[in-house]
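Have a look at protein-v2.json below; it lists JSON, C-alpha atoms and all ligand atoms.
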[["chain", "number", "residue", "atom", "x", "y", "z"],
["N", 1, "MET", "CA", -112.21, 15.16, -37.92],
["N", 2, "LYS", "CA", -113.74, 14.42, -34.50],
["N", 3, "ASN", "CA", -110.72, 13.38, -32.39],
["N", 4, "TYR", "CA", -106.91, 13.30, -32.74],
["N", 5, "ILE", "CA", -105.92, 10.28, -30.69],
["N", 6, "SER", "CA", -103.15, 8.57, -32.64],
["N", 7, "VAL", "CA", -101.01, 8.84, -35.77],
["N", 8, "ASN", "CA", -103.62, 6.58, -37.38],
["N", 9, "ASP", "CA", -105.98, 9.58, -37.40],
["N", 10, "ILE", "CA", -103.76, 11.18, -40.06],
["N", 11, "ASP", "CA", -105.47, 10.36, -43.35],
["N", 12, "ASN", "CA", -102.79, 11.86, -45.61],
["N", 13, "LEU", "CA", -99.46, 12.62, -43.95],
["N", 14, "SER", "CA", -97.90, 14.60, -46.79],
["N", 15, "GLU", "CA", -101.01, 16.79, -47.05],
["N", 16, "TRP", "CA", -100.97, 17.46, -43.29],
["N", 17, "VAL", "CA", -97.24, 18.26, -43.41],
["N", 18, "ASN", "CA", -97.77, 20.64, -46.33],
["N", 19, "ASN", "CA", -100.64, 22.33, -44.48],
["N", 20, "ALA", "CA", -98.43, 22.75, -41.42],
["N", 21, "ARG", "CA", -95.60, 24.23, -43.49],
["N", 22, "SER", "CA", -98.03, 26.65, -45.04],
["N", 23, "LEU", "CA", -99.36, 27.66, -41.56],
["N", 24, "LYS", "CA", -95.74, 28.17, -40.49],
["N", 25, "THR", "CA", -95.29, 30.81, -43.19],
["N", 26, "ASP", "CA", -98.56, 32.54, -42.25],
["N", 27, "PRO", "CA", -99.63, 31.50, -38.71],
["N", 28, "PHE", "CA", -102.53, 33.97, -38.55],
["N", 29, "ALA", "CA", -104.07, 33.07, -41.92],
["N", 30, "HIS", "CA", -107.08, 31.53, -40.12],
["N", 31, "LYS", "CA", -107.14, 33.80, -37.08],
["N", 32, "ASN", "CA", -110.94, 34.07, -37.11],
["N", 33, "LEU", "CA", -111.65, 30.34, -37.46],
["N", 34, "GLY", "CA", -111.69, 29.71, -33.72],
["N", 35, "GLN", "CA", -113.36, 32.95, -32.68],
["N", 36, "GLY", "CA", -115.84, 32.30, -29.88],
["N", 37, "LYS", "CA", -114.45, 28.79, -29.32],
["N", 38, "THR", "CA", -112.50, 27.55, -26.32],
["N", 39, "ILE", "CA", -110.00, 24.74, -25.91],
["N", 40, "CYS", "CA", -109.35, 23.25, -22.49],
["N", 41, "LEU", "CA", -105.90, 21.71, -21.92],
["N", 42, "LEU", "CA", -105.93, 19.19, -19.06],
["N", 43, "PHE", "CA", -102.53, 18.06, -17.78],
["N", 44, "PHE", "CA", -102.22, 14.99, -15.60],
["N", 45, "ASN", "CA", -98.40, 15.25, -16.08],
["N", 46, "ASN", "CA", -95.78, 17.97, -16.53],
["N", 47, "SER", "CA", -95.06, 19.72, -19.82],
["N", 48, "LEU", "CA", -93.23, 22.63, -21.37],
["N", 49, "ARG", "CA", -93.48, 22.23, -25.16],
["N", 50, "THR", "CA", -96.88, 20.59, -25.41],
["N", 51, "ARG", "CA", -98.52, 23.12, -23.14],
["N", 52, "LEU", "CA", -97.08, 26.23, -24.79],
["N", 53, "SER", "CA", -97.24, 25.04, -28.40],
["N", 54, "THR", "CA", -100.85, 23.81, -28.17],
["N", 55, "GLN", "CA", -101.82, 27.06, -26.47],
["N", 56, "LYS", "CA", -100.00, 29.06, -29.15],
["N", 57, "ALA", "CA", -101.64, 27.03, -31.94],
["N", 58, "ALA", "CA", -105.09, 27.66, -30.49],
["N", 59, "MET", "CA", -104.36, 31.38, -30.08],
["N", 60, "ASN", "CA", -103.14, 31.59, -33.70],
["N", 61, "LEU", "CA", -106.58, 30.28, -34.71],
["N", 62, "GLY", "CA", -108.36, 32.85, -32.53],
["N", 63, "MET", "CA", -109.44, 30.41, -29.80],
["N", 64, "GLU", "CA", -109.66, 31.06, -26.08],
["N", 65, "VAL", "CA", -107.53, 28.68, -23.99],
["N", 66, "MET", "CA", -108.12, 27.29, -20.50],
["N", 67, "VAL", "CA", -105.33, 25.25, -18.89],
["N", 68, "MET", "CA", -105.64, 23.06, -15.82],
["N", 69, "ASN", "CA", -102.97, 20.97, -14.15],
["N", 70, "PHE", "CA", -105.48, 18.28, -13.35],
["N", 71, "GLY", "CA", -102.95, 15.99, -11.69],
["N", 72, "SER", "CA", -102.21, 18.49, -8.93],
["N", 73, "GLU", "CA", -105.31, 20.74, -8.95],
["N", 74, "GLY", "CA", -108.26, 18.55, -9.93],
["N", 75, "TRP", "CA", -110.19, 15.98, -7.94],
["N", 76, "GLN", "CA", -108.77, 12.49, -8.15],
["N", 77, "LEU", "CA", -110.78, 10.74, -10.85],
["N", 78, "GLU", "CA", -112.38, 7.31, -10.76],
["N", 79, "PHE", "CA", -112.56, 5.52, -14.12],
["N", 80, "ASP", "CA", -114.06, 2.13, -13.21],
["N", 81, "ASP", "CA", -117.73, 1.56, -13.98],
["N", 82, "GLY", "CA", -119.68, 0.54, -10.89],
["N", 83, "ALA", "CA", -116.89, 1.58, -8.50],
["N", 84, "VAL", "CA", -117.86, 2.08, -4.86],
["N", 85, "MET", "CA", -116.14, 5.41, -4.34],
["N", 86, "ASP", "CA", -115.48, 5.17, -0.60],
["N", 87, "GLN", "CA", -111.71, 5.64, -0.87],
["N", 88, "GLY", "CA", -109.52, 8.52, -2.15],
["N", 89, "LYS", "CA", -111.17, 9.24, -5.51],
["N", 90, "SER", "CA", -113.74, 12.02, -5.37],
["N", 91, "GLU", "CA", -115.11, 12.37, -8.90],
["N", 92, "HIS", "CA", -116.04, 9.93, -11.66],
["N", 93, "ILE", "CA", -114.94, 10.45, -15.27],
["N", 94, "LYS", "CA", -118.63, 10.22, -16.27],
["N", 95, "GLU", "CA", -119.40, 13.55, -14.55],
["N", 96, "ALA", "CA", -115.98, 15.18, -15.05],
["N", 97, "ALA", "CA", -115.92, 14.70, -18.85],
["N", 98, "LYS", "CA", -119.50, 15.94, -19.24],
["N", 99, "VAL", "CA", -118.82, 19.00, -17.07],
["N", 100, "VAL", "CA", -115.64, 19.88, -19.04],
["N", 101, "SER", "CA", -117.66, 19.51, -22.26],
["N", 102, "GLN", "CA", -119.98, 22.32, -21.12],
["N", 103, "PHE", "CA", -117.12, 24.79, -20.70],
["N", 104, "CYS", "CA", -115.23, 24.31, -23.95],
["N", 105, "ASP", "CA", -115.41, 23.13, -27.57],
["N", 106, "ILE", "CA", -112.28, 20.93, -27.66],
["N", 107, "VAL", "CA", -110.52, 19.17, -24.80],
["N", 108, "ALA", "CA", -106.86, 18.10, -24.95],
["N", 109, "ILE", "CA", -105.48, 15.57, -22.49],
["N", 110, "ARG", "CA", -101.98, 14.65, -21.30],
["N", 111, "ALA", "CA", -101.89, 11.45, -19.24],
["N", 112, "PHE", "CA", -98.71, 9.36, -19.21],
["N", 113, "ALA", "CA", -98.37, 5.63, -18.74],
["N", 114, "SER", "CA", -98.10, 4.36, -15.18],
["N", 115, "LEU", "CA", -95.48, 1.83, -16.37],
["N", 116, "THR", "CA", -96.72, -0.46, -13.60],
["N", 117, "ASP", "CA", -99.88, -1.90, -15.17],
["N", 118, "LYS", "CA", -99.44, -2.71, -18.87],
["N", 119, "GLU", "CA", -103.06, -3.73, -19.37],
["N", 120, "LYS", "CA", -104.42, -0.49, -17.89],
["N", 121, "ASP", "CA", -101.86, 1.62, -19.76],
["N", 122, "GLU", "CA", -102.75, -0.03, -23.07],
["N", 123, "ALA", "CA", -106.44, 0.53, -22.36],
["N", 124, "GLU", "CA", -105.65, 4.29, -22.28],
["N", 125, "VAL", "CA", -107.99, 4.66, -19.33],
["N", 126, "VAL", "CA", -107.75, 8.46, -18.96],
["N", 127, "LEU", "CA", -107.75, 9.41, -22.65],
["N", 128, "ASN", "CA", -110.44, 6.90, -23.58],
["N", 129, "GLY", "CA", -112.46, 7.93, -20.53],
["N", 130, "PHE", "CA", -112.70, 11.42, -22.02],
["N", 131, "VAL", "CA", -113.32, 10.06, -25.53],
["N", 132, "LYS", "CA", -116.19, 7.96, -24.20],
["N", 133, "HIS", "CA", -117.84, 10.45, -21.87],
["N", 134, "ALA", "CA", -117.05, 13.90, -23.34],
["N", 135, "SER", "CA", -119.40, 15.32, -25.97],
["N", 136, "ILE", "CA", -116.66, 17.41, -27.64],
["N", 137, "PRO", "CA", -113.57, 16.50, -29.72],
["N", 138, "VAL", "CA", -110.58, 15.12, -27.80],
["N", 139, "VAL", "CA", -106.90, 15.70, -28.65],
["N", 140, "ASN", "CA", -104.10, 13.50, -27.33],
["N", 141, "MET", "CA", -101.26, 15.60, -25.86],
["N", 142, "GLU", "CA", -99.35, 12.35, -24.96],
["N", 143, "SER", "CA", -101.08, 9.37, -23.56],
["N", 144, "SER", "CA", -99.86, 6.02, -22.25],
["N", 145, "VAL", "CA", -98.98, 4.63, -25.65],
["N", 146, "GLY", "CA", -98.77, 7.55, -28.08],
["N", 147, "HIS", "CA", -97.65, 11.13, -28.64],
["N", 148, "PRO", "CA", -99.15, 11.90, -32.06],
["N", 149, "LEU", "CA", -98.66, 15.69, -31.87],
["N", 150, "GLN", "CA", -94.93, 15.07, -31.40],
["N", 151, "ALA", "CA", -94.86, 12.59, -34.30],
["N", 152, "LEU", "CA", -96.57, 15.09, -36.60],
["N", 153, "ALA", "CA", -94.03, 17.77, -35.61],
["N", 154, "ASP", "CA", -91.27, 15.24, -36.31],
["N", 155, "ALA", "CA", -92.73, 14.55, -39.77],
["N", 156, "ILE", "CA", -92.74, 18.30, -40.48],
["N", 157, "THR", "CA", -89.10, 18.56, -39.37],
["N", 158, "LEU", "CA", -88.06, 15.58, -41.50],
["N", 159, "ALA", "CA", -89.78, 17.09, -44.53],
["N", 160, "GLU", "CA", -88.06, 20.44, -44.00],
["N", 161, "HIS", "CA", -84.58, 18.91, -43.81],
["N", 162, "ASN", "CA", -84.79, 15.88, -46.08],
["N", 163, "MET", "CA", -82.87, 16.10, -49.36],
["N", 164, "LYS", "CA", -83.40, 12.52, -50.56],
["N", 165, "ALA", "CA", -86.20, 10.48, -52.12],
["N", 166, "LYS", "CA", -85.57, 7.75, -49.54],
["N", 167, "PRO", "CA", -83.54, 8.96, -46.54],
["N", 168, "LYS", "CA", -82.05, 6.63, -43.95],
["N", 169, "VAL", "CA", -83.75, 7.34, -40.60],
["N", 170, "VAL", "CA", -82.58, 5.66, -37.38],
["N", 171, "LEU", "CA", -84.49, 5.53, -34.10],
["N", 172, "SER", "CA", -81.90, 4.89, -31.40],
["N", 173, "TRP", "CA", -82.52, 4.01, -27.77],
["N", 174, "ALA", "CA", -80.27, 5.88, -25.30],
["N", 175, "PRO", "CA", -79.63, 5.47, -21.58],
["N", 176, "HIS", "CA", -81.64, 7.35, -18.93],
["N", 177, "PRO", "CA", -81.69, 7.07, -15.14],
["N", 178, "LYS", "CA", -85.50, 6.86, -14.93],
["N", 179, "ALA", "CA", -88.05, 4.53, -16.47],
["N", 180, "LEU", "CA", -89.67, 6.40, -19.37],
["N", 181, "PRO", "CA", -92.81, 5.55, -21.38],
["N", 182, "HIS", "CA", -92.90, 4.22, -24.95],
["N", 183, "ALA", "CA", -95.28, 6.87, -26.29],
["N", 184, "VAL", "CA", -92.84, 9.03, -28.28],
["N", 185, "ALA", "CA", -91.05, 6.05, -29.80],
["N", 186, "ASN", "CA", -94.35, 4.30, -30.64],
["N", 187, "SER", "CA", -95.78, 7.32, -32.45],
["N", 188, "PHE", "CA", -92.51, 7.99, -34.26],
["N", 189, "VAL", "CA", -92.52, 4.39, -35.55],
["N", 190, "GLU", "CA", -96.18, 4.68, -36.58],
["N", 191, "MET", "CA", -95.40, 7.91, -38.40],
["N", 192, "MET", "CA", -92.41, 6.32, -40.15],
["N", 193, "HIS", "CA", -94.75, 3.60, -41.48],
["N", 194, "LEU", "CA", -96.37, 6.45, -43.47],
["N", 195, "GLN", "CA", -93.03, 7.65, -44.94],
["N", 196, "ASP", "CA", -90.86, 6.36, -47.77],
["N", 197, "ALA", "CA", -87.61, 5.84, -45.87],
["N", 198, "ASP", "CA", -84.96, 3.29, -45.01],
["N", 199, "PHE", "CA", -85.98, 3.04, -41.35],
["N", 200, "VAL", "CA", -83.99, 1.19, -38.68],
["N", 201, "ILE", "CA", -84.54, 0.90, -34.92],
["N", 202, "THR", "CA", -81.54, 0.22, -32.68],
["N", 203, "HIS", "CA", -81.59, -0.66, -28.97],
["N", 204, "PRO", "CA", -80.03, -3.16, -26.56],
["N", 205, "GLU", "CA", -81.69, -6.57, -26.36],
["N", 206, "GLY", "CA", -84.67, -6.47, -24.01],
["N", 207, "TYR", "CA", -85.81, -3.02, -25.18],
["N", 208, "GLU", "CA", -87.96, -4.24, -28.11],
["N", 209, "LEU", "CA", -91.01, -2.01, -28.53],
["N", 210, "ASP", "CA", -94.54, -3.39, -28.93],
["N", 211, "PRO", "CA", -94.19, -5.87, -31.82],
["N", 212, "GLN", "CA", -97.61, -4.81, -33.16],
["N", 213, "ILE", "CA", -96.17, -1.33, -33.72],
["N", 214, "THR", "CA", -92.72, -2.32, -35.01],
["N", 215, "LYS", "CA", -94.06, -4.99, -37.41],
["N", 216, "ASN", "CA", -91.89, -5.12, -40.57],
["N", 217, "VAL", "CA", -89.36, -2.58, -39.21],
["N", 218, "GLN", "CA", -85.67, -3.57, -39.24],
["N", 219, "VAL", "CA", -84.12, -3.83, -35.75],
["N", 220, "GLU", "CA", -80.30, -3.69, -35.46],
["N", 221, "TYR", "CA", -78.80, -4.40, -32.03],
["N", 222, "ASP", "CA", -75.41, -2.88, -33.01],
["N", 223, "GLN", "CA", -75.94, 0.88, -32.60],
["N", 224, "GLU", "CA", -72.83, 1.94, -34.54],
["N", 225, "LYS", "CA", -73.77, -0.29, -37.46],
["N", 226, "ALA", "CA", -77.34, 1.03, -37.42],
["N", 227, "CYS", "CA", -76.10, 4.64, -37.51],
["N", 228, "GLU", "CA", -73.78, 4.14, -40.51],
["N", 229, "ASN", "CA", -74.73, 6.45, -43.41],
["N", 230, "ALA", "CA", -77.82, 7.72, -41.59],
["N", 231, "ASP", "CA", -79.43, 10.96, -42.71],
["N", 232, "PHE", "CA", -81.43, 11.42, -39.50],
["N", 233, "ILE", "CA", -80.88, 9.87, -36.06],
["N", 234, "TYR", "CA", -83.78, 10.22, -33.63],
["N", 235, "VAL", "CA", -82.65, 9.44, -30.10],
["N", 236, "LYS", "CA", -85.03, 8.51, -27.30],
["N", 237, "ASN", "CA", -84.99, 6.47, -24.15],
["N", 238, "TRP", "CA", -87.77, 4.07, -23.28],
["N", 239, "SER", "CA", -88.15, 1.43, -20.60],
["N", 240, "SER", "CA", -88.54, -2.25, -21.36],
["N", 241, "TYR", "CA", -91.84, -3.26, -22.94],
["N", 242, "SER", "CA", -91.56, -7.01, -22.36],
["N", 243, "ASP", "CA", -90.34, -6.57, -18.75],
["N", 244, "TYR", "CA", -92.86, -3.79, -18.52],
["N", 245, "GLY", "CA", -91.60, -0.45, -17.26],
["N", 246, "LYS", "CA", -88.24, -1.77, -16.07],
["N", 247, "VAL", "CA", -84.82, -0.14, -16.62],
["N", 248, "LEU", "CA", -82.74, -3.12, -17.73],
["N", 249, "ASN", "CA", -79.46, -1.28, -18.21],
["N", 250, "GLN", "CA", -78.05, 2.24, -18.28],
["N", 251, "ASP", "CA", -75.08, 1.42, -20.50],
["N", 252, "SER", "CA", -73.46, 4.79, -21.21],
["N", 253, "ASN", "CA", -71.98, 3.37, -24.42],
["N", 254, "TRP", "CA", -75.43, 3.92, -25.93],
["N", 255, "MET", "CA", -75.26, 7.71, -25.40],
["N", 256, "MET", "CA", -75.34, 9.52, -28.77],
["N", 257, "THR", "CA", -71.96, 11.03, -29.63],
["N", 258, "GLN", "CA", -70.75, 13.22, -32.48],
["N", 259, "GLU", "CA", -68.70, 10.29, -33.74],
["N", 260, "LYS", "CA", -71.75, 8.02, -34.03],
["N", 261, "LEU", "CA", -73.85, 10.83, -35.47],
["N", 262, "GLY", "CA", -71.41, 11.43, -38.33],
["N", 263, "SER", "CA", -73.05, 13.77, -40.83],
["N", 264, "ALA", "CA", -76.63, 12.84, -39.84],
["N", 265, "LYS", "CA", -79.13, 15.32, -38.43],
["N", 266, "PHE", "CA", -79.90, 14.80, -34.75],
["N", 267, "MET", "CA", -83.49, 14.65, -33.50],
["N", 268, "HIS", "CA", -84.99, 14.37, -30.01],
["N", 269, "CYS", "CA", -88.42, 15.36, -28.70],
["N", 270, "LEU", "CA", -87.00, 17.12, -25.56],
["N", 271, "PRO", "CA", -86.60, 17.41, -22.66],
["N", 272, "VAL", "CA", -83.20, 15.74, -22.92],
["N", 273, "ARG", "CA", -80.56, 14.95, -20.30],
["N", 274, "ARG", "CA", -77.22, 16.27, -21.56],
["N", 275, "ASN", "CA", -74.24, 13.93, -21.41],
["N", 276, "VAL", "CA", -76.50, 11.01, -20.45],
["N", 277, "VAL", "CA", -78.72, 10.64, -23.51],
["N", 278, "VAL", "CA", -76.56, 12.74, -25.86],
["N", 279, "GLU", "CA", -73.26, 14.55, -25.50],
["N", 280, "ASP", "CA", -73.12, 18.36, -25.46],
["N", 281, "THR", "CA", -71.27, 18.57, -28.78],
["N", 282, "VAL", "CA", -74.21, 17.04, -30.65],
["N", 283, "LEU", "CA", -76.81, 19.36, -29.13],
["N", 284, "ASP", "CA", -74.65, 22.43, -29.57],
["N", 285, "ASN", "CA", -73.81, 22.03, -33.23],
["N", 286, "ASN", "CA", -75.93, 22.88, -36.24],
["N", 287, "GLN", "CA", -76.73, 19.23, -37.04],
["N", 288, "SER", "CA", -79.18, 19.28, -34.13],
["N", 289, "LEU", "CA", -82.83, 19.84, -35.11],
["N", 290, "VAL", "CA", -84.25, 19.74, -31.59],
["N", 291, "ILE", "CA", -85.17, 23.43, -31.36],
["N", 292, "GLU", "CA", -86.87, 23.32, -34.76],
["N", 293, "GLN", "CA", -88.74, 20.16, -33.73],
["N", 294, "ALA", "CA", -90.05, 22.03, -30.68],
["N", 295, "ASN", "CA", -91.00, 25.01, -32.88],
["N", 296, "ASN", "CA", -92.89, 22.68, -35.23],
["N", 297, "ARG", "CA", -95.04, 21.49, -32.34],
["N", 298, "THR", "CA", -97.08, 24.70, -32.79],
["N", 299, "PHE", "CA", -97.83, 24.00, -36.44],
["N", 300, "ALA", "CA", -98.56, 20.32, -35.83],
["N", 301, "ALA", "CA", -101.11, 21.33, -33.20],
["N", 302, "GLN", "CA", -102.45, 24.09, -35.43],
["N", 303, "VAL", "CA", -103.14, 21.65, -38.29],
["N", 304, "VAL", "CA", -104.95, 19.32, -35.91],
["N", 305, "LEU", "CA", -107.06, 22.06, -34.31],
["N", 306, "LYS", "CA", -107.84, 23.57, -37.71],
["N", 307, "LYS", "CA", -109.04, 20.20, -39.02],
["N", 308, "ILE", "CA", -111.29, 19.78, -35.99],
["N", 309, "LEU", "CA", -112.66, 23.33, -36.28],
["N", 310, "ASP", "CA", -113.23, 22.89, -40.04],
["N", 311, "SER", "CA", -115.26, 19.71, -39.64],
["T", 401, "LIG", "N1", -91.78, 16.79, -26.27],
["T", 401, "LIG", "C1", -92.70, 17.11, -25.35],
["T", 401, "LIG", "O1", -93.82, 16.61, -25.36],
["T", 401, "LIG", "O2", -92.29, 18.04, -24.45],
["T", 401, "LIG", "P1", -93.07, 18.40, -23.10],
["T", 401, "LIG", "O3", -93.10, 17.12, -22.27],
["T", 401, "LIG", "O4", -92.27, 19.49, -22.45],
["T", 401, "LIG", "O5", -94.45, 18.82, -23.44]]
Would you mind writing the structure in this file as structure tokens?
Amino acid sequence: MKNYISVNDIDNLSEWVNNARSLKTDPFAHKNLGQGKTICLLFFNNSLRTRLSTQKAAMNLGMEVMVMNFGSEGWQLEFDDGAVMDQGKSEHIKEAAKVVSQFCDIVAIRAFASLTDKEKDEAEVVLNGFVKHASIPVVNMESSVGHPLQALADAITLAEHNMKAKPKVVLSWAPHPKALPHAVANSFVEMMHLQDADFVITHPEGYELDPQITKNVQVEYDQEKACENADFIYVKNWSSYSDYGKVLNQDSNWMMTQEKLGSAKFMHCLPVRRNVVVEDTVLDNNQSLVIEQANNRTFAAQVVLKKILDS
């Protein structure tokens, strides 16, 4: 495998999940695979889980890790071909990606959506800039439109806790004071397309995700109805897609409560705002899988890095 850019790069989800579960039982089974190799993690945005889990995954495989908070420490990058660089941007992606490629064997990029320019966000300017100009494999650590490492960790978590041939899985929007990207929700939906499940998305009107991604998925605007008899409820906020990047409402009635959760397992990618997105009771009881989801980020990343190193 050359790059891991989206969930669509997963050729066989159940095989990848099984590989991850096997790595979880013996994380150092391939500790010499990455010997003498270096991964460079470039962050244009903040992170806790992605940074530490990807670093841990690489270390488990014997790799060296270099981390750079590019957004605050690097030169401001220009991505436009033919740009006259007489303003604030000091370095072009053409040089930056080639230079990074000389220092490491894999580069991983985190670059969120701007939520102000849909066309630019969907073009994945930063991630695709590295894909185009780097000479080494590129891993997506959350881009404008996708978070495939999170989705793979979510698939591992579902597999570990699922007791049914066809579980009911609900993706529920929840309120949030800030405009958040669609990446986690998009990749979760894409991953659910690869699963045998009764999958429902619930959100207020106006929060429809990209219809190309949600094609053939049931949408239920009544959250309580959607959550009835659910086995797993994945909660996430996202801003409007049609009224791009806007917060249309912050209706606290959409916060996930123990009553709505019922006997379902609770999932969230973290970080999560307590008593805004979800009430304390849900996070603090044993139906919550959020800590295990975060733990599974290591083994999701380890499967991806192993596949790249093996190829
Ligand atoms: N879920 C997730 O990607 O967490 P971080 O933003 O902390 O990396």
What's the separation between atom CA of N:Gln150 and atom CA of N:Ala300, in Å to one decimal place?
7.8 Å
All residues having an atom within 9 Å of ligand LIG 401 (chain T) (only C-alpha atoms and all ligand atoms) as a ChimeraX atom specification
/N:45-53,110,141-142,147,149-150,184,268-271,293-294,297
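Taking only C-alpha atoms into account, N:Asp117 lies nearest to N:Tyr241 out of the set N:Tyr241, N:Val200, N:Lys307, N:His193.
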How many Å separate atom CA of N:Leu61 from atom CA of N:Ile109?
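These atoms are spaced 19.2 Å apart.
Residues lying within 10 Å of N:Asp81, counting only C-alpha atoms and ignoring same-chain neighbours fewer than 4 positions away, are N:His92, N:Ile93, N:Lys94.
Taking atom CA of N:Pro148 and atom CA of N:Ser14 as endpoints, the distance between them is 15.0 Å.
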